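With mmCIF, C-alpha atoms, pLDDT in the B column; chains and numbers go by the auth columns inside, this is query36.cif:
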```cif
data_structure
loop_
_atom_site.group_PDB
_atom_site.id
_atom_site.type_symbol
_atom_site.label_atom_id
_atom_site.label_comp_id
_atom_site.label_asym_id
_atom_site.label_seq_id
_atom_site.Cartn_x
_atom_site.Cartn_y
_atom_site.Cartn_z
_atom_site.B_iso_or_equiv
_atom_site.auth_seq_id
_atom_site.auth_asym_id
ATOM 1 C CA GLY A 1 0.000 0.000 0.000 63.00 1019 A
ATOM 2 C CA PHE A 2 0.835 3.702 -0.034 65.00 1020 A
ATOM 3 C CA SER A 3 3.236 5.017 2.580 73.00 1021 A
ATOM 4 C CA CYS A 4 4.181 8.679 3.102 74.00 1022 A
ATOM 5 C CA PRO A 5 7.749 9.478 4.052 77.00 1023 A
ATOM 6 C CA PRO A 6 8.053 10.676 7.662 80.00 1024 A
ATOM 7 C CA SER A 7 8.104 14.389 8.444 82.00 1025 A
ATOM 8 C CA HIS A 8 11.595 15.682 9.128 87.00 1026 A
ATOM 9 C CA ILE A 9 13.675 18.792 9.809 90.00 1027 A
ATOM 10 C CA MET A 10 16.422 20.118 7.525 90.00 1028 A
ATOM 11 C CA THR A 11 19.289 22.457 8.231 89.00 1029 A
ATOM 12 C CA PRO A 12 19.235 25.778 6.344 86.00 1030 A
ATOM 13 C CA SER A 13 22.005 24.651 3.985 85.00 1031 A
ATOM 14 C CA ARG A 14 20.196 21.420 3.080 89.00 1032 A
ATOM 15 C CA ALA A 15 16.920 23.333 2.663 86.00 1033 A
ATOM 16 C CA LYS A 16 18.664 25.688 0.224 84.00 1034 A
ATOM 17 C CA ARG A 17 19.886 22.705 -1.842 87.00 1035 A
ATOM 18 C CA LYS A 18 16.449 21.036 -1.850 86.00 1036 A
ATOM 19 C CA PHE A 19 14.425 24.250 -2.236 83.00 1037 A
ATOM 20 C CA PRO A 20 16.584 26.759 -4.153 82.00 1038 A
ATOM 21 C CA GLN A 21 13.722 29.279 -4.266 81.00 1039 A
ATOM 22 C CA LEU A 22 14.216 29.969 -0.536 78.00 1040 A
ATOM 23 C CA SER A 23 16.090 33.121 0.350 73.00 1041 A
ATOM 24 C CA LEU A 24 18.638 32.385 3.056 70.00 1042 A
ATOM 25 C CA ALA A 25 20.758 35.503 2.620 68.00 1043 A
ATOM 26 C CA ASP A 26 19.463 37.308 5.722 70.00 1044 A
ATOM 27 C CA GLY A 27 19.795 34.266 7.996 73.00 1045 A
ATOM 28 C CA SER A 28 16.098 34.340 8.910 75.00 1046 A
ATOM 29 C CA ILE A 29 15.604 30.617 8.303 80.00 1047 A
ATOM 30 C CA LYS A 30 16.834 28.630 11.307 81.00 1048 A
ATOM 31 C CA TYR A 31 15.553 25.259 10.088 81.00 1049 A
ATOM 32 C CA CYS A 32 13.069 23.862 7.587 86.00 1050 A
ATOM 33 C CA CYS A 33 10.338 21.403 8.599 86.00 1051 A
ATOM 34 C CA VAL A 34 9.173 19.141 5.777 85.00 1052 A
ATOM 35 C CA PHE A 35 5.894 17.329 6.269 80.00 1053 A
ATOM 36 C CA TYR A 36 3.490 15.451 4.084 73.00 1054 A
ATOM 37 C CA GLU A 37 -0.088 16.688 4.327 66.00 1055 A
ATOM 38 C CA GLY A 38 -1.662 13.242 4.019 66.00 1056 A
ATOM 39 C CA CYS A 39 -0.137 11.917 7.228 63.00 1057 A
ATOM 40 C CA HIS A 40 0.881 14.921 9.312 64.00 1058 A
ATOM 41 C CA ASP A 41 -0.756 15.473 12.692 71.00 1059 A
ATOM 42 C CA ASP A 42 -0.981 19.273 12.742 76.00 1060 A
ATOM 43 C CA ALA A 43 -2.580 19.367 16.215 83.00 1061 A
ATOM 44 C CA ARG A 44 0.468 17.570 17.594 85.00 1062 A
ATOM 45 C CA THR A 45 2.779 20.012 15.794 83.00 1063 A
ATOM 46 C CA ASN A 46 0.829 23.001 17.163 85.00 1064 A
ATOM 47 C CA LEU A 47 1.089 21.609 20.686 90.00 1065 A
ATOM 48 C CA ALA A 48 4.844 21.042 20.261 90.00 1066 A
ATOM 49 C CA ILE A 49 5.283 24.641 19.050 88.00 1067 A
ATOM 50 C CA ALA A 50 3.267 25.982 22.007 90.00 1068 A
ATOM 51 C CA GLN A 51 5.257 23.882 24.482 94.00 1069 A
ATOM 52 C CA THR A 52 8.547 25.070 22.987 94.00 1070 A
ATOM 53 C CA ALA A 53 7.401 28.706 23.079 90.00 1071 A
ATOM 54 C CA ALA A 54 6.346 28.351 26.735 93.00 1072 A
ATOM 55 C CA ARG A 55 9.688 26.752 27.604 96.00 1073 A
ATOM 56 C CA GLU A 56 11.429 29.759 26.009 92.00 1074 A
ATOM 57 C CA GLY A 57 9.358 32.215 28.076 88.00 1075 A
ATOM 58 C CA ALA A 58 6.329 32.949 25.872 86.00 1076 A
ATOM 59 C CA LEU A 59 2.963 33.565 27.503 84.00 1077 A
ATOM 60 C CA MET A 60 0.370 30.973 26.488 86.00 1078 A
ATOM 61 C CA LEU A 61 -3.308 31.926 26.438 87.00 1079 A
ATOM 62 C CA ASN A 62 -6.445 29.950 25.693 89.00 1080 A
ATOM 63 C CA TYR A 63 -9.999 31.193 25.220 94.00 1081 A
ATOM 64 C CA CYS A 64 -8.652 34.685 24.536 93.00 1082 A
ATOM 65 C CA GLU A 65 -8.964 36.921 21.500 91.00 1083 A
ATOM 66 C CA VAL A 66 -7.289 40.040 20.174 92.00 1084 A
ATOM 67 C CA VAL A 67 -9.595 43.061 20.499 94.00 1085 A
ATOM 68 C CA SER A 68 -7.199 45.670 19.094 94.00 1086 A
ATOM 69 C CA PHE A 69 -3.507 46.310 18.533 94.00 1087 A
ATOM 70 C CA LEU A 70 -1.366 48.663 20.605 95.00 1088 A
ATOM 71 C CA LYS A 71 0.780 50.934 18.436 91.00 1089 A
ATOM 72 C CA GLU A 72 3.468 53.576 18.794 91.00 1090 A
ATOM 73 C CA GLN A 73 5.208 55.905 16.369 88.00 1091 A
ATOM 74 C CA LYS A 74 8.278 54.429 14.696 85.00 1092 A
ATOM 75 C CA ASP A 75 11.598 56.101 15.361 82.00 1093 A
ATOM 76 C CA GLY A 76 11.825 59.098 13.057 79.00 1094 A
ATOM 77 C CA GLY A 77 8.024 59.434 12.902 75.00 1095 A
ATOM 78 C CA ASP A 78 7.742 57.278 9.768 80.00 1096 A
ATOM 79 C CA GLY A 79 4.525 55.323 10.441 83.00 1097 A
ATOM 80 C CA GLU A 80 3.406 53.144 13.313 86.00 1098 A
ATOM 81 C CA ARG A 81 4.762 50.002 14.917 88.00 1099 A
ATOM 82 C CA VAL A 82 2.597 47.375 16.649 91.00 1100 A
ATOM 83 C CA THR A 83 3.880 46.847 20.199 93.00 1101 A
ATOM 84 C CA GLY A 84 1.172 44.627 21.651 94.00 1102 A
ATOM 85 C CA ALA A 85 -2.517 43.915 21.796 94.00 1103 A
ATOM 86 C CA VAL A 86 -5.605 44.420 23.897 96.00 1104 A
ATOM 87 C CA MET A 87 -6.831 40.923 24.726 96.00 1105 A
ATOM 88 C CA ARG A 88 -10.197 39.642 25.964 97.00 1106 A
ATOM 89 C CA ASP A 89 -10.554 36.567 28.149 97.00 1107 A
ATOM 90 C CA ASN A 90 -13.682 35.002 26.667 97.00 1108 A
ATOM 91 C CA ILE A 91 -14.476 33.121 29.880 97.00 1109 A
ATOM 92 C CA THR A 92 -14.399 36.077 32.299 97.00 1110 A
ATOM 93 C CA GLY A 93 -14.901 38.927 29.809 97.00 1111 A
ATOM 94 C CA ARG A 94 -11.894 40.744 31.329 97.00 1112 A
ATOM 95 C CA GLU A 95 -9.753 42.775 28.925 98.00 1113 A
ATOM 96 C CA PHE A 96 -6.035 43.366 29.424 96.00 1114 A
ATOM 97 C CA LYS A 97 -3.014 44.707 27.554 96.00 1115 A
ATOM 98 C CA MET A 98 -0.166 42.490 26.454 93.00 1116 A
ATOM 99 C CA TYR A 99 3.111 43.853 25.048 93.00 1117 A
ATOM 100 C CA ALA A 100 5.616 41.944 22.904 89.00 1118 A
ATOM 101 C CA LYS A 101 8.870 42.410 21.001 86.00 1119 A
ATOM 102 C CA SER A 102 7.382 40.542 18.028 84.00 1120 A
ATOM 103 C CA ILE A 103 3.804 40.038 16.884 83.00 1121 A
ATOM 104 C CA LEU A 104 2.876 37.085 14.662 80.00 1122 A
ATOM 105 C CA LEU A 105 -0.529 36.751 13.040 80.00 1123 A
ATOM 106 C CA CYS A 106 -1.091 33.001 13.097 78.00 1124 A
ATOM 107 C CA GLY A 107 -4.857 33.104 12.753 80.00 1125 A
ATOM 108 C CA GLY A 108 -5.379 30.457 10.102 81.00 1126 A
ATOM 109 C CA PRO A 109 -8.766 31.181 8.511 85.00 1127 A
ATOM 110 C CA PHE A 110 -9.138 34.245 10.791 86.00 1128 A
ATOM 111 C CA THR A 111 -5.915 35.928 9.619 87.00 1129 A
ATOM 112 C CA ASP A 112 -7.766 38.550 7.554 90.00 1130 A
ATOM 113 C CA ASP A 113 -9.881 39.492 10.598 91.00 1131 A
ATOM 114 C CA LEU A 114 -6.658 40.116 12.551 89.00 1132 A
ATOM 115 C CA ARG A 115 -5.117 42.060 9.665 89.00 1133 A
ATOM 116 C CA ARG A 116 -8.214 44.313 9.527 91.00 1134 A
ATOM 117 C CA LEU A 117 -7.649 45.245 13.186 89.00 1135 A
ATOM 118 C CA HIS A 118 -4.394 46.822 12.011 86.00 1136 A
ATOM 119 C CA ASP A 119 -5.552 48.123 8.599 87.00 1137 A
ATOM 120 C CA GLN A 120 -9.268 48.149 7.775 90.00 1138 A
ATOM 121 C CA ASN A 121 -8.450 48.662 4.073 92.00 1139 A
ATOM 122 C CA CYS A 122 -6.118 45.662 3.683 89.00 1140 A
ATOM 123 C CA GLN A 123 -6.770 43.257 0.847 90.00 1141 A
ATOM 124 C CA GLU A 124 -7.816 39.731 1.760 89.00 1142 A
ATOM 125 C CA ALA A 125 -4.933 37.283 1.948 86.00 1143 A
ATOM 126 C CA VAL A 126 -6.894 34.121 2.829 84.00 1144 A
ATOM 127 C CA ARG A 127 -9.031 32.485 0.199 76.00 1145 A
ATOM 128 C CA GLY A 128 -11.535 29.733 0.870 63.00 1146 A
#
```
When written as structure tokens, how does the structure in this file appear?
Amino acid sequence: GFSCPPSHIMTPSRAKRKFPQLSLADGSIKYCCVFYEGCHDDARTNLAIAQTAAREGALMLNYCEVVSFLKEQKDGGDGERVTGAVMRDNITGREFKMYAKSILLCGGPFTDDLRRLHDQNCQEAVRG
């Protein structure tokens, strides 16, 4: 019968050889995870990412949503920079501010909703 190869991690140099379209010049790729959609357990991967982030000091939240982004002027006054978010605990209804050095929009099918919190005129990026 059919058997998918196992998911695996590549070093940046091997990823560049296998996937020459990747840009590695700025050093932003630390590793490359290759997985096969037909047999990959994405819930397990998401849990592993969350556990790693928590181990490295990230704050983990559940049943919370972003209400708005916190912004400040960029150095030199050239636009705004997102510095955090106003969050709502959907169990208690309490809202609180959370600040971060980096903000990632990992909203899956809700990514465009998050992007509109920052720019109401943004074009849709998620189709489906």
message: Suppose a student applies the PyMOL selection byres ((chain A and resi 1084-1096) around 9) to this structure; what residues should they get, written as a ChimeraX atom specification?
response: /A:1082-1083,1097-1106,1113,1115-1117,1132,1135-1136
Could you please take those selected residues and save C-alpha atoms as a compact mmCIF listing (two decimals), in the coordinates of the input?
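Result written to result-v3.txt:
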```
# COMPACT_ATOMS: atom_id res chain seq x y z
CA CYS A 1082 -8.65 34.68 24.54
CA GLU A 1083 -8.96 36.92 21.50
CA GLY A 1097 4.53 55.32 10.44
CA GLU A 1098 3.41 53.14 13.31
CA ARG A 1099 4.76 50.00 14.92
CA VAL A 1100 2.60 47.38 16.65
CA THR A 1101 3.88 46.85 20.20
CA GLY A 1102 1.17 44.63 21.65
CA ALA A 1103 -2.52 43.92 21.80
CA VAL A 1104 -5.60 44.42 23.90
CA MET A 1105 -6.83 40.92 24.73
CA ARG A 1106 -10.20 39.64 25.96
CA GLU A 1113 -9.75 42.78 28.92
CA LYS A 1115 -3.01 44.71 27.55
CA MET A 1116 -0.17 42.49 26.45
CA TYR A 1117 3.11 43.85 25.05
CA LEU A 1132 -6.66 40.12 12.55
CA LEU A 1135 -7.65 45.24 13.19
CA HIS A 1136 -4.39 46.82 12.01
```
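Of the residues listed (A:Glu1142, A:Leu1065, A:Tyr1054, A:Tyr1049), A:Tyr1054 shows the shortest atom-to-atom separation from Ser1021 in chain A; distances use all atoms listed in the file.
In this model, the gap between CA of Pro1127 in chain A and CA of Asp1044 in chain A comes to 29.0 Å.
With all atoms listed in the file as the atoms that count, the residue of A:Gly1045, A:Asp1060, A:Leu1079, A:Arg1073 with the shortest distance to Ile1109 in chain A is A:Leu1079.
Put simply, the PyMOL selection byres ((chain A and resi 1048) around 10) on this file hits Met1028, Thr1029, Pro1030, Ser1031, Leu1042, Gly1045, Ser1046, Ile1047, Tyr1049 and Cys1050 of chain A.
We find CA of Asp1059 in chain A and CA of Cys1124 in chain A to be spaced 17.5 Å apart.
Take CA of Gln1141 in chain A and CA of Phe1037 in chain A: the distance between them is 28.6 Å.
Near Val1144 in chain A, within 9 Å and counting all atoms listed in the file, sit Gly1126, Pro1127, Phe1128, Thr1129, Asp1130, Glu1142 and Gly1146 of chain A; same-chain residues fewer than 2 positions away were not included.
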